[in-house]
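Have a look at run-v3.cif below; it lists mmCIF, C-alpha atoms, pLDDT in the B column; chains and numbers go by the auth columns.
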data_final
#
loop_
_atom_site.group_PDB
_atom_site.id
_atom_site.type_symbol
_atom_site.label_atom_id
_atom_site.label_comp_id
_atom_site.label_asym_id
_atom_site.label_seq_id
_atom_site.Cartn_x
_atom_site.Cartn_y
_atom_site.Cartn_z
_atom_site.B_iso_or_equiv
_atom_site.auth_seq_id
_atom_site.auth_asym_id
ATOM 1 C CA MET A 1 -3.039 21.517 1.666 41.00 1 R
ATOM 2 C CA ALA A 2 -1.077 18.842 -0.204 46.00 2 R
ATOM 3 C CA GLU A 3 2.225 20.232 1.078 53.00 3 R
ATOM 4 C CA LYS A 4 0.998 19.578 4.633 50.00 4 R
ATOM 5 C CA LEU A 5 0.942 15.880 3.751 51.00 5 R
ATOM 6 C CA ALA A 6 4.481 15.899 2.369 61.00 6 R
ATOM 7 C CA PRO A 7 7.053 13.933 4.348 67.00 7 R
ATOM 8 C CA GLU A 8 7.727 15.753 7.621 71.00 8 R
ATOM 9 C CA LYS A 9 11.224 14.414 8.002 81.00 9 R
ATOM 10 C CA ARG A 10 13.637 12.144 6.232 90.00 10 R
ATOM 11 C CA HIS A 11 14.416 8.640 7.376 89.00 11 R
ATOM 12 C CA SER A 12 18.090 7.830 7.907 89.00 12 R
ATOM 13 C CA PHE A 13 19.876 4.611 7.040 91.00 13 R
ATOM 14 C CA ILE A 14 22.827 4.303 9.404 88.00 14 R
ATOM 15 C CA HIS A 15 25.358 1.472 9.104 89.00 15 R
ATOM 16 C CA ASN A 16 28.155 0.988 11.649 90.00 16 R
ATOM 17 C CA GLY A 17 27.427 4.429 13.105 91.00 17 R
ATOM 18 C CA VAL A 18 27.736 6.200 9.726 90.00 18 R
ATOM 19 C CA LYS A 19 24.799 7.759 7.891 92.00 19 R
ATOM 20 C CA VAL A 20 24.732 6.080 4.470 93.00 20 R
ATOM 21 C CA PHE A 21 21.746 8.047 3.127 94.00 21 R
ATOM 22 C CA GLU A 22 18.499 9.735 4.057 95.00 22 R
ATOM 23 C CA TRP A 23 15.216 9.139 2.268 94.00 23 R
ATOM 24 C CA ASP A 24 11.533 9.990 2.101 94.00 24 R
ATOM 25 C CA GLN A 25 8.610 9.086 -0.109 93.00 25 R
ATOM 26 C CA THR A 26 5.376 10.311 -1.630 91.00 26 R
ATOM 27 C CA LEU A 27 2.645 8.359 -3.391 89.00 27 R
ATOM 28 C CA GLU A 28 4.634 8.502 -6.626 92.00 28 R
ATOM 29 C CA GLU A 29 8.322 8.584 -5.717 95.00 29 R
ATOM 30 C CA VAL A 30 11.084 7.735 -3.297 96.00 30 R
ATOM 31 C CA ASN A 31 13.797 10.341 -2.768 97.00 31 R
ATOM 32 C CA MET A 32 17.275 9.484 -1.535 96.00 32 R
ATOM 33 C CA TYR A 33 19.791 12.042 -0.279 97.00 33 R
ATOM 34 C CA ILE A 34 23.489 11.196 -0.036 96.00 34 R
ATOM 35 C CA ASN A 35 26.113 13.557 1.374 95.00 35 R
ATOM 36 C CA LEU A 36 29.012 13.729 -1.064 94.00 36 R
ATOM 37 C CA PRO A 37 32.656 13.538 0.008 93.00 37 R
ATOM 38 C CA PRO A 38 34.576 16.814 -0.157 91.00 38 R
ATOM 39 C CA ASN A 39 37.139 17.682 -2.822 91.00 39 R
ATOM 40 C CA VAL A 40 35.722 15.406 -5.524 91.00 40 R
ATOM 41 C CA HIS A 41 34.663 17.069 -8.785 91.00 41 R
ATOM 42 C CA SER A 42 30.993 16.590 -9.628 91.00 42 R
ATOM 43 C CA LYS A 43 31.838 14.932 -12.964 93.00 43 R
ATOM 44 C CA GLN A 44 33.476 12.065 -11.055 95.00 44 R
ATOM 45 C CA PHE A 45 30.175 10.868 -9.559 96.00 45 R
ATOM 46 C CA TYR A 46 27.891 8.418 -11.316 96.00 46 R
ATOM 47 C CA CYS A 47 24.508 6.861 -10.642 97.00 47 R
ATOM 48 C CA LYS A 48 22.918 3.973 -12.559 98.00 48 R
ATOM 49 C CA ILE A 49 19.219 3.495 -11.966 98.00 49 R
ATOM 50 C CA GLN A 50 17.736 0.248 -13.227 98.00 50 R
ATOM 51 C CA SER A 51 14.248 -1.110 -12.700 98.00 51 R
ATOM 52 C CA LYS A 52 15.248 -3.114 -9.615 98.00 52 R
ATOM 53 C CA HIS A 53 18.845 -2.035 -8.978 98.00 53 R
ATOM 54 C CA LEU A 54 20.783 1.063 -7.949 98.00 54 R
ATOM 55 C CA GLU A 55 24.523 1.625 -8.271 97.00 55 R
ATOM 56 C CA LEU A 56 26.352 4.843 -7.472 97.00 56 R
ATOM 57 C CA GLY A 57 29.789 6.021 -6.550 96.00 57 R
ATOM 58 C CA ILE A 58 32.917 7.774 -7.768 96.00 58 R
ATOM 59 C CA LYS A 59 34.244 6.701 -11.160 96.00 59 R
ATOM 60 C CA GLY A 60 37.288 4.430 -10.915 96.00 60 R
ATOM 61 C CA ASN A 61 36.415 3.286 -7.366 96.00 61 R
ATOM 62 C CA PRO A 62 34.251 0.501 -5.972 96.00 62 R
ATOM 63 C CA PRO A 63 30.581 1.576 -5.836 96.00 63 R
ATOM 64 C CA TYR A 64 29.364 3.371 -2.722 95.00 64 R
ATOM 65 C CA LEU A 65 25.983 1.646 -3.126 95.00 65 R
ATOM 66 C CA ASN A 66 25.345 -1.369 -5.329 97.00 66 R
ATOM 67 C CA HIS A 67 22.047 -2.895 -4.213 96.00 67 R
ATOM 68 C CA GLU A 68 18.710 -4.229 -5.303 97.00 68 R
ATOM 69 C CA LEU A 69 15.857 -1.786 -4.818 97.00 69 R
ATOM 70 C CA ALA A 70 13.019 -2.686 -2.458 95.00 70 R
ATOM 71 C CA SER A 71 10.500 -2.408 -5.316 96.00 71 R
ATOM 72 C CA PRO A 72 10.647 -1.746 -9.068 97.00 72 R
ATOM 73 C CA VAL A 73 10.896 1.803 -10.418 98.00 73 R
ATOM 74 C CA LYS A 74 10.161 3.504 -13.720 97.00 74 R
ATOM 75 C CA THR A 75 13.627 4.123 -15.115 97.00 75 R
ATOM 76 C CA ASP A 76 12.492 6.602 -17.774 97.00 76 R
ATOM 77 C CA SER A 77 11.226 9.032 -15.119 97.00 77 R
ATOM 78 C CA SER A 78 13.779 8.358 -12.367 98.00 78 R
ATOM 79 C CA PHE A 79 16.805 10.638 -12.195 97.00 79 R
ATOM 80 C CA TRP A 80 19.572 12.058 -10.029 97.00 80 R
ATOM 81 C CA THR A 81 21.041 15.503 -9.436 96.00 81 R
ATOM 82 C CA LEU A 82 23.942 17.012 -7.513 95.00 82 R
ATOM 83 C CA GLU A 83 23.396 20.173 -5.511 92.00 83 R
ATOM 84 C CA ASP A 84 25.080 21.666 -2.450 91.00 84 R
ATOM 85 C CA ASP A 85 27.274 18.584 -1.896 92.00 85 R
ATOM 86 C CA ILE A 86 24.247 16.263 -1.904 95.00 86 R
ATOM 87 C CA MET A 87 23.299 13.649 -4.477 96.00 87 R
ATOM 88 C CA HIS A 88 19.510 13.630 -4.743 97.00 88 R
ATOM 89 C CA ILE A 89 18.076 10.523 -6.384 97.00 89 R
ATOM 90 C CA THR A 90 14.399 10.508 -7.379 97.00 90 R
ATOM 91 C CA LEU A 91 13.030 7.015 -7.965 98.00 91 R
ATOM 92 C CA GLN A 92 9.629 6.985 -9.663 97.00 92 R
ATOM 93 C CA LYS A 93 7.604 4.142 -8.124 96.00 93 R
ATOM 94 C CA ARG A 94 6.326 1.646 -10.685 96.00 94 R
ATOM 95 C CA ASP A 95 3.396 0.944 -8.357 92.00 95 R
ATOM 96 C CA LYS A 96 2.056 4.328 -7.309 89.00 96 R
ATOM 97 C CA GLY A 97 0.901 4.359 -3.702 86.00 97 R
ATOM 98 C CA GLN A 98 3.028 1.448 -2.577 89.00 98 R
ATOM 99 C CA THR A 99 4.540 2.063 0.845 89.00 99 R
ATOM 100 C CA TRP A 100 8.264 1.349 0.851 92.00 100 R
ATOM 101 C CA ALA A 101 9.913 0.296 4.132 91.00 101 R
ATOM 102 C CA SER A 102 13.306 1.277 2.648 93.00 102 R
ATOM 103 C CA PRO A 103 14.669 2.126 -0.796 96.00 103 R
ATOM 104 C CA ILE A 104 17.247 -0.693 -0.575 94.00 104 R
ATOM 105 C CA LEU A 105 16.064 -4.285 -0.305 93.00 105 R
ATOM 106 C CA GLY A 106 16.802 -5.653 3.159 86.00 106 R
ATOM 107 C CA GLN A 107 18.734 -2.584 4.332 86.00 107 R
ATOM 108 C CA GLY A 108 17.588 0.018 6.844 84.00 108 R
ATOM 109 C CA GLN A 109 13.977 -1.102 7.016 88.00 109 R
ATOM 110 C CA LEU A 110 11.586 1.122 8.934 87.00 110 R
ATOM 111 C CA ASP A 111 10.405 -0.328 12.205 87.00 111 R
ATOM 112 C CA PRO A 112 6.732 -1.436 12.234 87.00 112 R
ATOM 113 C CA HIS A 113 5.535 1.767 13.942 83.00 113 R
ATOM 114 C CA ALA A 114 7.350 4.076 11.487 84.00 114 R
ATOM 115 C CA SER A 115 6.127 1.957 8.568 82.00 115 R
ATOM 116 C CA ASP A 116 2.540 2.244 9.821 81.00 116 R
ATOM 117 C CA LEU A 117 2.887 6.035 10.116 81.00 117 R
ATOM 118 C CA GLU A 118 4.252 6.192 6.535 82.00 118 R
ATOM 119 C CA GLN A 119 1.337 4.145 5.234 81.00 119 R
ATOM 120 C CA LYS A 120 -1.153 6.397 7.017 81.00 120 R
ATOM 121 C CA ARG A 121 0.492 9.534 5.632 81.00 121 R
ATOM 122 C CA LEU A 122 0.448 8.099 2.096 83.00 122 R
ATOM 123 C CA MET A 123 -3.212 7.126 2.485 78.00 123 R
ATOM 124 C CA LEU A 124 -4.049 10.705 3.480 80.00 124 R
ATOM 125 C CA GLN A 125 -2.039 11.942 0.486 79.00 125 R
ATOM 126 C CA ARG A 126 -4.147 9.690 -1.704 75.00 126 R
ATOM 127 C CA PHE A 127 -7.385 11.057 -0.206 75.00 127 R
ATOM 128 C CA GLN A 128 -6.163 14.610 -0.810 74.00 128 R
ATOM 129 C CA GLU A 129 -5.118 13.822 -4.388 76.00 129 R
ATOM 130 C CA GLU A 130 -8.451 12.185 -5.196 72.00 130 R
ATOM 131 C CA TYR A 131 -10.385 15.062 -3.643 67.00 131 R
ATOM 132 C CA LEU A 132 -8.490 17.525 -5.857 68.00 132 R
ATOM 133 C CA LYS A 133 -9.237 15.400 -8.953 69.00 133 R
ATOM 134 C CA ILE A 134 -12.937 15.363 -8.073 68.00 134 R
ATOM 135 C CA LYS A 135 -12.926 19.116 -7.457 67.00 135 R
ATOM 136 C CA GLU A 136 -11.261 19.720 -10.834 68.00 136 R
ATOM 137 C CA ALA A 137 -13.728 17.437 -12.610 66.00 137 R
ATOM 138 C CA MET A 138 -16.662 19.151 -10.897 64.00 138 R
ATOM 139 C CA SER A 139 -15.432 22.597 -11.905 63.00 139 R
ATOM 140 C CA TYR A 140 -15.494 21.513 -15.557 56.00 140 R
ATOM 141 C CA ARG A 141 -18.971 20.007 -15.298 57.00 141 R
ATOM 142 C CA LEU A 142 -20.817 22.594 -13.229 54.00 142 R
ATOM 143 C CA THR A 143 -22.588 25.382 -15.048 48.00 143 R
ATOM 144 C CA GLY A 144 -22.386 27.864 -12.198 48.00 144 R
ATOM 145 C CA THR A 145 -26.155 28.393 -12.123 46.00 145 R
ATOM 146 C CA SER A 146 -26.622 28.007 -8.396 47.00 146 R
ATOM 147 C CA PHE A 147 -25.022 29.806 -5.486 44.00 147 R
ATOM 148 C CA SER A 148 -23.266 26.722 -4.143 49.00 148 R
ATOM 149 C CA HIS A 149 -21.927 25.857 -7.584 48.00 149 R
ATOM 150 C CA ASN A 150 -20.660 29.411 -8.056 49.00 150 R
ATOM 151 C CA ASN A 151 -18.885 29.216 -4.714 52.00 151 R
ATOM 152 C CA TRP A 152 -17.373 25.885 -5.698 46.00 152 R
ATOM 153 C CA LEU A 153 -16.132 27.263 -9.011 47.00 153 R
ATOM 154 C CA LYS A 154 -14.696 30.379 -7.407 51.00 154 R
ATOM 155 C CA GLY A 155 -12.799 28.326 -4.826 53.00 155 R
ATOM 156 C CA LYS A 156 -14.935 29.534 -1.917 49.00 156 R
ATOM 157 C CA ASN A 157 -15.917 26.050 -0.876 48.00 157 R
ATOM 158 C CA PRO A 158 -14.428 24.950 2.406 53.00 158 R
ATOM 159 C CA GLY A 159 -12.638 22.075 0.697 60.00 159 R
ATOM 160 C CA PHE A 160 -11.131 19.154 2.488 61.00 160 R
ATOM 161 C CA ASP A 161 -7.832 19.221 4.283 60.00 161 R
ATOM 162 C CA PHE A 162 -6.646 15.771 5.250 59.00 162 R
ATOM 163 C CA SER A 163 -3.414 16.999 6.877 59.00 163 R
ATOM 164 C CA GLN A 164 -4.841 16.731 10.410 61.00 164 R
ATOM 165 C CA ALA A 165 -6.871 13.564 9.808 60.00 165 R
ATOM 166 C CA GLN A 166 -6.038 10.442 11.772 65.00 166 R
ATOM 167 C CA PHE A 167 -6.734 6.759 11.375 62.00 167 R
ATOM 168 C CA THR A 168 -7.883 4.597 14.233 67.00 168 R
ATOM 169 C CA GLY A 169 -7.006 0.961 13.914 66.00 169 R
ATOM 170 C CA ASN A 170 -5.399 -0.460 10.820 68.00 170 R
ATOM 171 C CA CYS A 171 -4.863 1.775 7.825 64.00 171 R
ATOM 172 C CA PRO A 172 -5.705 0.382 4.377 66.00 172 R
ATOM 173 C CA ASP A 173 -3.015 0.050 1.735 68.00 173 R
ATOM 174 C CA PRO A 174 -3.006 3.304 -0.289 67.00 174 R
ATOM 175 C CA ARG A 175 -2.176 1.406 -3.485 66.00 175 R
ATOM 176 C CA THR A 176 -5.106 -1.037 -3.363 67.00 176 R
ATOM 177 C CA PHE A 177 -7.792 0.720 -1.269 65.00 177 R
ATOM 178 C CA MET A 178 -11.188 0.985 -2.987 61.00 178 R
ATOM 179 C CA GLY A 179 -10.080 -0.728 -6.175 64.00 179 R
ATOM 180 C CA GLY A 180 -6.648 0.841 -6.384 65.00 180 R
ATOM 181 C CA ILE A 181 -5.151 4.008 -7.758 67.00 181 R
ATOM 182 C CA CYS A 182 -6.174 5.086 -11.238 63.00 182 R
ATOM 183 C CA THR A 183 -3.124 6.052 -13.228 62.00 183 R
ATOM 184 C CA ASP A 184 -3.329 8.897 -15.682 55.00 184 R
#
Just give me the structure of the file as structure tokens.
Amino acid sequence: MAEKLAPEKRHSFIHNGVKVFEWDQTLEEVNMYINLPPNVHSKQFYCKIQSKHLELGIKGNPPYLNHELASPVKTDSSFWTLEDDIMHITLQKRDKGQTWASPILGQGQLDPHASDLEQKRLMLQRFQEEYLKIKEAMSYRLTGTSFSHNNWLKGKNPGFDFSQAQFTGNCPDPRTFMGGICTD
């Protein structure tokens, strides 16, 4: 069920007709995808992730990106990898549930409609995540003495699937709704 609420497609940041990067987000992270130039050895690439800044490029050259991030990240759990000629950067959001309009401050912002759709998708992700936490907590607390409890424990309950849910009107902020997200 949770995978149904994963980003359906990546957003693209295009500058002067050239795709600079693609990105998507979940409640906890923002992922950036950058196509690497051909014929450059992987050890030549670098990426510096700071709390509010990102710099990346090819060693010995001016940075490809050298920008402030739209929001702070947790540097100890943010990282980057190279695979199949793509640099994948995972930025762990400092404020879980915050909807980012773009990874880079002031660059490639989502239009209001796309931003609203992102916020709705993240809110549904939050509902799904909280439902799964409640289900897990209930399975530890229930004794299994009644039929409905046995079905719950055995996973035969119908469960909730928020992947087809829709909001009418304004969607609440997933980070602050109902007192905010509890962090583990």
| field | Who sits within 9 Å of stretch 90-105 of chain R, all atoms listed in the file, same chain under 5 positions skipped, as a PyMOL selection string | value | chain R and resi 11+13+23-32+49+51+53-54+67-81+110-112+114-115+118-119+122-123+126+173-176+180-181+183
| task | List the residues selected by the PyMOL selection byres ((chain R and resi 14) around 12) in the file shown, writing them as a PyMOL selection string. | result | chain R and resi 11-13+15-23+34+107-110
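Neighbours of R:Gly60 closer than or equal to 10 Å, with only C-alpha atoms counted and sequence neighbours fewer than 2 positions away skipped, come out as Gln44, Phe45, Gly57, Ile58, Pro62 and Pro63 of chain R.
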Would you export the selected residues with C-alpha atoms as an mmCIF file, in the coordinates of the input, please?
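Output (again15.cif):
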data_model
loop_
_atom_site.group_PDB
_atom_site.id
_atom_site.type_symbol
_atom_site.label_atom_id
_atom_site.label_comp_id
_atom_site.auth_asym_id
_atom_site.auth_seq_id
_atom_site.Cartn_x
_atom_site.Cartn_y
_atom_site.Cartn_z
ATOM 1 C CA GLN R 44 33.476 12.065 -11.055
ATOM 2 C CA PHE R 45 30.175 10.868 -9.559
ATOM 3 C CA GLY R 57 29.789 6.021 -6.550
ATOM 4 C CA ILE R 58 32.917 7.774 -7.768
ATOM 5 C CA PRO R 62 34.251 0.501 -5.972
ATOM 6 C CA PRO R 63 30.581 1.576 -5.836
#
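Take atom CA of R:Lys48 and atom CA of R:Tyr64: the distance between them is 11.8 Å.
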| task | Work out how far atom CA of R:Pro38 is from atom CA of R:Asn61, in Å to one decimal. | result |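 According to the coordinates, atom CA of R:Asn61 and atom CA of R:Pro38 are separated by 15.4 Å.
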| What does the distance from atom CA of R:Leu82 to atom CA of R:Ser42 come to in Å, to one decimal? |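 Atom-to-atom, atom CA of R:Leu82 to atom CA of R:Ser42, that is 7.4 Å.
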